[in-house]
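Note sheet for the following structure.
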Amino acid sequence: MPRLSEGGKRGVREALLQSFIDRIMSGEMAEGSTLPNEAELTEQFGVSRTSLREAMQYLAALGMIRSRTRAGTTILPRENWNYLDPLVLDATLRLGNDDRFHASLIEARQLLEPAAAAQAAANANAHHLFRISKAFEEMVEANARDNEAWSRADLEFHTAIIRASGNWVYLQFATAIRAALLASFRLTNRASPSHEQAIAMHQEVLEAIRMRRPDDARSAMERLIGVARDEISDALRKARG
């Protein structure tokens with residue numbers, strides 16, 4: 001295990017945390033396993049006891065480890081982990097080895113975004129409608145020629161709808177997982193067999209919101225995310241293959 005250089009206390013702590021999180025999420029430090037004792041870990045990583053203890057406290061707060069007298073420090077199951085923490089989220093996206101994360105994300109979107117679209121149809125003001133329309137126009141301009149521009153415009157389209165809903169809890173959720181949403185859009189847009197179909201489905205959502213039809217907006221968003229769910233499943237299957 002490589003030793004971490006002492007490049008200032010904050011730098012060491014962040015590097016140590018990232019190293020632990022990467023090893024835990026990759027399975028190198030397996031769920032249910034017990035970590036070496038404090039003396040061994042400080043020697044392996046080349047850090048002070050203070051830096052190690054701070055890292056352990058952070059990992060415990062993330063739900064990744066549990067320390068008990070005599071039993072030692074144990075890696076907890078994944079269902080305890082705080083995936084919305086920036087360091088955990090970054091590792092999830094970099095390692096790309098957790099299909100359950102993407103499945104959970106699309107399930108959350110299926111619950112949240114149709115409701116947000118319905119509320120946007122009821123509550124959106126002129127500025128909100130402009131932002132949604134502008135994002136849609138950027139999707140049309142990007143089309144299949146620039147996947148990154150397409151994905152970023154797609155993200156802005158969905159974020160603008162959530163913002164237009166007026167629900168601050170929805171917006172906080174979208175802001176917290178913005179990086180994960182962008183990664184999800186990149187994955188589904190690469191897998192999408194037809195950008196024309198995707199444009200048409202986004203336009204249905206936009207028109208329902210613009211025409212103040214909450215039920216239609218909800219249904220259109222449900223269809224859109226249903227297609228995204230199928231595309232992300234196909235993309236993950238191909239990645240495994």
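The chains in the structure tokens are called A, B, ... from first to last as shown; in each chain the residues are counted from 1, and the ligands are counted from 1 in the order shown.
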Residue neighbourhood Val140 (chain A), 10 Å, only C-alpha atoms, exclusion window fewer than 4 positions, as a list in words: Lys134, Ala135, Phe136, Ala144, Trp150, Ala153, Asp154, His195, Glu196, Ala198, Ile199, Ala200 and Gln203 of chain A
Strand (DSSP E or B) residues, from DSSP on the backbone, in region 20-224 of chain A, as a list in words: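 Strand (DSSP E or B) members of region 20-224 of chain A, listed: Thr34, Ile65, Arg66, Ser67, Arg68, Gly72, Thr73, Thr74 and Ile75 of chain A.
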Shell around region 13-20 of chain A at 9 Å using only C-alpha atoms, local window under 5 positions removed, as a VMD selection string: chain A and resid 4 8 25 29 45 47 51 to 52 54 to 56 58 to 59 87 to 88 91
Atoms kept (N, CA, C and O atoms) for selection, written as a PDB file, in the first residue's frame:
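Produced file part-v3.pdb, reproduced below:
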```
ATOM      1  N   LEU A   4       1.462   7.949   1.860  1.00  0.00           N
ATOM      2  CA  LEU A   4       1.031   9.276   1.430  1.00  0.00           C
ATOM      3  C   LEU A   4       2.050  10.309   1.888  1.00  0.00           C
ATOM      4  O   LEU A   4       2.481  10.304   3.032  1.00  0.00           O
ATOM      5  N   GLY A   8       1.198  18.805   3.881  1.00  0.00           N
ATOM      6  CA  GLY A   8       0.280  19.660   4.605  1.00  0.00           C
ATOM      7  C   GLY A   8      -0.854  18.839   5.180  1.00  0.00           C
ATOM      8  O   GLY A   8      -1.307  17.877   4.559  1.00  0.00           O
ATOM      9  N   MET A  25     -14.742   1.099  -1.837  1.00  0.00           N
ATOM     10  CA  MET A  25     -15.735   1.017  -2.905  1.00  0.00           C
ATOM     11  C   MET A  25     -15.324   0.039  -4.004  1.00  0.00           C
ATOM     12  O   MET A  25     -16.180  -0.559  -4.655  1.00  0.00           O
ATOM     13  N   MET A  29     -10.912  -3.340   0.117  1.00  0.00           N
ATOM     14  CA  MET A  29     -11.254  -3.493   1.529  1.00  0.00           C
ATOM     15  C   MET A  29     -12.723  -3.918   1.547  1.00  0.00           C
ATOM     16  O   MET A  29     -13.622  -3.095   1.387  1.00  0.00           O
ATOM     17  N   PHE A  45       0.258   3.670   5.483  1.00  0.00           N
ATOM     18  CA  PHE A  45      -0.053   4.893   4.735  1.00  0.00           C
ATOM     19  C   PHE A  45       0.985   5.987   4.935  1.00  0.00           C
ATOM     20  O   PHE A  45       0.983   6.981   4.211  1.00  0.00           O
ATOM     21  N   VAL A  47       1.238   8.070   7.592  1.00  0.00           N
ATOM     22  CA  VAL A  47       0.573   9.258   8.122  1.00  0.00           C
ATOM     23  C   VAL A  47       0.626   9.236   9.647  1.00  0.00           C
ATOM     24  O   VAL A  47       0.953   8.221  10.266  1.00  0.00           O
ATOM     25  N   SER A  51      -3.979  12.218  11.776  1.00  0.00           N
ATOM     26  CA  SER A  51      -4.584  12.185  10.435  1.00  0.00           C
ATOM     27  C   SER A  51      -5.423  10.934  10.245  1.00  0.00           C
ATOM     28  O   SER A  51      -6.529  10.982   9.676  1.00  0.00           O
ATOM     29  N   LEU A  52      -4.916   9.802  10.718  1.00  0.00           N
ATOM     30  CA  LEU A  52      -5.648   8.545  10.587  1.00  0.00           C
ATOM     31  C   LEU A  52      -6.958   8.594  11.363  1.00  0.00           C
ATOM     32  O   LEU A  52      -8.010   8.190  10.856  1.00  0.00           O
ATOM     33  N   GLU A  54      -8.715  11.206  12.234  1.00  0.00           N
ATOM     34  CA  GLU A  54      -9.661  12.117  11.574  1.00  0.00           C
ATOM     35  C   GLU A  54     -10.319  11.426  10.384  1.00  0.00           C
ATOM     36  O   GLU A  54     -11.531  11.578  10.149  1.00  0.00           O
ATOM     37  N   ALA A  55      -9.525  10.670   9.620  1.00  0.00           N
ATOM     38  CA  ALA A  55     -10.081   9.941   8.481  1.00  0.00           C
ATOM     39  C   ALA A  55     -11.079   8.889   8.939  1.00  0.00           C
ATOM     40  O   ALA A  55     -12.144   8.716   8.334  1.00  0.00           O
ATOM     41  N   MET A  56     -10.770   8.189  10.018  1.00  0.00           N
ATOM     42  CA  MET A  56     -11.670   7.162  10.546  1.00  0.00           C
ATOM     43  C   MET A  56     -13.001   7.780  11.013  1.00  0.00           C
ATOM     44  O   MET A  56     -14.073   7.204  10.807  1.00  0.00           O
ATOM     45  N   TYR A  58     -14.375  10.475   9.819  1.00  0.00           N
ATOM     46  CA  TYR A  58     -15.125  10.859   8.622  1.00  0.00           C
ATOM     47  C   TYR A  58     -15.765   9.640   7.981  1.00  0.00           C
ATOM     48  O   TYR A  58     -16.938   9.669   7.587  1.00  0.00           O
ATOM     49  N   LEU A  59     -15.013   8.546   7.881  1.00  0.00           N
ATOM     50  CA  LEU A  59     -15.546   7.317   7.298  1.00  0.00           C
ATOM     51  C   LEU A  59     -16.701   6.771   8.130  1.00  0.00           C
ATOM     52  O   LEU A  59     -17.680   6.250   7.574  1.00  0.00           O
ATOM     53  N   LEU A  87     -17.016  13.028  -1.890  1.00  0.00           N
ATOM     54  CA  LEU A  87     -15.909  12.085  -2.088  1.00  0.00           C
ATOM     55  C   LEU A  87     -16.412  10.703  -2.497  1.00  0.00           C
ATOM     56  O   LEU A  87     -15.824  10.047  -3.351  1.00  0.00           O
ATOM     57  N   VAL A  88     -17.519  10.274  -1.888  1.00  0.00           N
ATOM     58  CA  VAL A  88     -18.098   8.972  -2.232  1.00  0.00           C
ATOM     59  C   VAL A  88     -18.678   9.014  -3.649  1.00  0.00           C
ATOM     60  O   VAL A  88     -18.496   8.090  -4.443  1.00  0.00           O
ATOM     61  N   ALA A  91     -15.905   8.901  -6.209  1.00  0.00           N
ATOM     62  CA  ALA A  91     -15.347   7.553  -6.345  1.00  0.00           C
ATOM     63  C   ALA A  91     -16.303   6.649  -7.111  1.00  0.00           C
ATOM     64  O   ALA A  91     -15.876   5.836  -7.941  1.00  0.00           O
TER      65      ALA A  91
END
```
Shell of 9 Å around region 233-239 of chain A, only C-alpha atoms, local chain residues under 2 positions omitted, as a PyMOL selection string: chain A and resi 99+102-103+187-188+190-191+228-231+241
One-decimal distance in Å that lies between CA of Arg186 (chain A) and CA of Arg163 (chain A):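 CA of Arg186 (chain A) lies at a distance of 21.3 Å from CA of Arg163 (chain A).
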Nearest candidate to Glu31 (chain A) (options A:Arg66, A:Arg100, A:Arg78, A:His158; using only C-alpha atoms): A:Arg78
For His128 (chain A), the nearest of the candidates A:Val169, A:Leu206, A:Ala142, A:Ala61, counting only C-alpha atoms: A:Leu206
Spatial neighbours of Asp216 (chain A), max dist 8 Å, only C-alpha atoms, sep filter under 3 positions, as a PyMOL selection string: chain A and resi 118+205+208+213+219-220
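Distances from A:Ala115, A:Ile162, A:Ala121, A:Ala71 to Arg212 (chain A) were compared using only C-alpha atoms, and the smallest one belongs to A:Ala121.
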Which of A:Glu137, A:Asn37, A:Glu28, A:Glu204 sits closest to Phe157 (chain A) [using only C-alpha atoms]: A:Glu137
Atom-to-atom span, CA of Arg94 (chain A) and CA of Ile75 (chain A), Å: 20.5 Å
Alpha helix (DSSP H) positions in region 43-89 of chain A, given as a list in words: Glu43, Gln44, Phe45, Arg49, Thr50, Ser51, Leu52, Arg53, Glu54, Ala55, Met56, Gln57, Tyr58, Leu59, Ala60, Ala61, Pro86, Leu87, Val88 and Leu89 of chain A
